[in-house]
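K.L.:
Mind looking over this structure? Questions follow.
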Amino acid sequence: QLQLVESGGGLVQPGGSLRLSCAASGFTLGVYAIGWFRQAPGKEREGASCISPSGSSATYADSVKGRFTISRDNAKNTVFLQMNNLKPEDTAVYFCAADLRLSDTCVLSPQERMRYWGQGTQVTVSS
């Protein structure tokens, strides 16, 4: 069965850190660009960051630039999102998604091109 599974979410105080993981099973993650998306209550899902299949390039939304770092370990079929200096506005369900690309690049839109999605992990930033 082809699936992505996110983990690492939780409750953290403002200024704290979390590390999310996105593990793939049933397919080789190394040929896919991976994006991290998030959806806050009452808001549309938005892209936060993505990484190219080899890991050589990454893209960040302005709202997370300088605070979030995306990385991947293709040998372990896993992608990570290190989130530092978290803010209450980062509270959302975080999803990872896989995008089969012909080039070693990544994009966060359109979201419809993402082939596989995880079930999401909740991140809550609150004091």
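Letters A, B, ... go to the chains of the structure tokens in the order shown; residues in each chain start at 1; ligands are counted from 1 in the same order.
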Would you list, as a ChimeraX atom specification, the residues of stretch 13-120 of chain A that end up in helix (DSSP H, G or I) under DSSP run on this structure's backbone?
P.N.:
/A:29-31,74-76,88-90,111-113
K.L.:
Next, the residues of the selection above should be written as a tab-separated table (two decimals), in the first residue's frame with N, CA, C and O atoms.
P.N.:
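Output saved as result.tsv:
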```
chain	number	residue	atom	x	y	z
A	29	LEU	N	10.74	7.16	-2.18
A	29	LEU	CA	10.54	8.59	-2.04
A	29	LEU	C	11.54	9.39	-2.85
A	29	LEU	O	11.28	10.55	-3.21
A	30	GLY	N	12.67	8.81	-3.17
A	30	GLY	CA	13.76	9.55	-3.77
A	30	GLY	C	13.51	10.09	-5.17
A	30	GLY	O	14.28	10.91	-5.66
A	31	VAL	N	12.43	9.68	-5.82
A	31	VAL	CA	12.13	10.22	-7.15
A	31	VAL	C	11.04	11.29	-7.08
A	31	VAL	O	10.60	11.79	-8.11
A	74	ASN	N	16.93	10.04	1.78
A	74	ASN	CA	16.32	9.12	0.82
A	74	ASN	C	16.62	7.65	1.17
A	74	ASN	O	15.83	6.77	0.85
A	75	ALA	N	17.73	7.41	1.82
A	75	ALA	CA	18.05	6.03	2.22
A	75	ALA	C	17.03	5.51	3.24
A	75	ALA	O	16.77	4.31	3.31
A	76	LYS	N	16.47	6.45	4.02
A	76	LYS	CA	15.46	6.08	5.01
A	76	LYS	C	14.05	6.39	4.54
A	76	LYS	O	13.09	6.25	5.31
A	88	PRO	N	2.27	31.30	17.46
A	88	PRO	CA	0.88	30.83	17.51
A	88	PRO	C	0.25	30.70	16.12
A	88	PRO	O	-0.56	29.79	15.89
A	89	GLU	N	0.64	31.55	15.20
A	89	GLU	CA	0.07	31.47	13.85
A	89	GLU	C	0.57	30.27	13.06
A	89	GLU	O	0.10	30.03	11.95
A	90	ASP	N	1.52	29.53	13.60
A	90	ASP	CA	1.96	28.28	12.96
A	90	ASP	C	1.04	27.12	13.32
A	90	ASP	O	1.20	26.01	12.78
A	111	GLN	N	-1.51	22.55	-5.89
A	111	GLN	CA	-1.53	21.42	-4.98
A	111	GLN	C	-2.12	20.18	-5.65
A	111	GLN	O	-1.83	19.06	-5.22
A	112	GLU	N	-2.88	20.38	-6.74
A	112	GLU	CA	-3.51	19.25	-7.41
A	112	GLU	C	-2.48	18.32	-8.06
A	112	GLU	O	-2.78	17.18	-8.37
A	113	ARG	N	-1.26	18.80	-8.26
A	113	ARG	CA	-0.25	17.94	-8.88
A	113	ARG	C	0.37	16.96	-7.89
A	113	ARG	O	1.10	16.06	-8.28
```
K.L.:
Enumerate, as a PyMOL selection string, the complete set of residues in stretch 20-78 of chain A that a backbone-based DSSP assignment places in strand (DSSP E or B).
P.N.:
chain A and resi 20-25+32-39+46-51+58-60+68-73+78
K.L.:
Quick one: of A:Ser57, A:Gln122, A:Thr78, A:Asn84, who's nearest to A:Val107, counting only C-alpha atoms?
P.N.:
A:Ser57
K.L.:
Need to verify the contact set: A:Ala58, 8 Å, only C-alpha atoms, exclusion of same-chain residues closer than 5 positions in sequence. Can you return it as an MDAnalysis selection string?
P.N.:
chainID A and resid 49:52 70 105:106
K.L.:
Please identify all polymer residues within 12 Å of A:Arg67, counting only C-alpha atoms, omitting same-chain residues fewer than 4 positions from it, and present them as a PyMOL selection string.
P.N.:
chain A and resi 15-19+48-49+60-63+81-87+90
K.L.:
Atom CA of A:Gly55 and atom CA of A:Asp104, how far apart in Å?
P.N.:
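One can read the atom CA of A:Asp104 to atom CA of A:Gly55 distance as 8.3 Å.
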K.L.:
When distances are computed from only C-alpha atoms, which of A:Thr124, A:Leu20, A:Leu108, A:Ala33 shows the smallest separation from A:Ser56?
P.N.:
A:Ala33
K.L.:
Neighbours of A:Lys43 within 12 Å (only C-alpha atoms; same-chain residues fewer than 6 positions away dropped), as a PyMOL selection string?
P.N.:
chain A and resi 89+91-93
K.L.:
Which of these residues is nearest to A:Leu102, using only C-alpha atoms: A:Asp73, A:Leu11, A:Ser126, A:Pro53?
P.N.:
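Looking only at the distances to A:Leu102, the closest residue turns out to be A:Pro53.
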K.L.:
Excluding A:Thr121 and residues on its chain fewer than 5 positions from it, collect all residues at most 9 Å away from it, counting only C-alpha atoms, and give them as a PyMOL selection string.
P.N.:
chain A and resi 5-10+20+92-95
K.L.:
For A:Ser127, work out the shell of residues within 9 Å, counting only C-alpha atoms and skipping chain neighbours fewer than 6 positions away, then give it as a PyMOL selection string.
P.N.:
chain A and resi 12-14+88
K.L.:
Filtering to N, CA, C and O atoms, could you give me those residues as a short mmCIF file (atom, residue, chain, number, x, y, z; two decimals), in the first residue's frame?
P.N.:
```cif
data_model
loop_
_atom_site.label_atom_id
_atom_site.label_comp_id
_atom_site.auth_asym_id
_atom_site.auth_seq_id
_atom_site.Cartn_x
_atom_site.Cartn_y
_atom_site.Cartn_z
N VAL A 12 3.43 22.94 21.71
CA VAL A 12 4.69 23.58 22.06
C VAL A 12 4.42 25.05 22.38
O VAL A 12 3.49 25.65 21.85
N GLN A 13 5.23 25.60 23.25
CA GLN A 13 5.09 27.01 23.60
C GLN A 13 5.68 27.90 22.50
O GLN A 13 6.57 27.47 21.75
N PRO A 14 5.20 29.13 22.41
CA PRO A 14 5.81 30.07 21.45
C PRO A 14 7.32 30.16 21.66
O PRO A 14 7.79 30.21 22.79
N PRO A 88 2.27 31.30 17.46
CA PRO A 88 0.88 30.83 17.51
C PRO A 88 0.25 30.70 16.12
O PRO A 88 -0.56 29.79 15.89
#
```
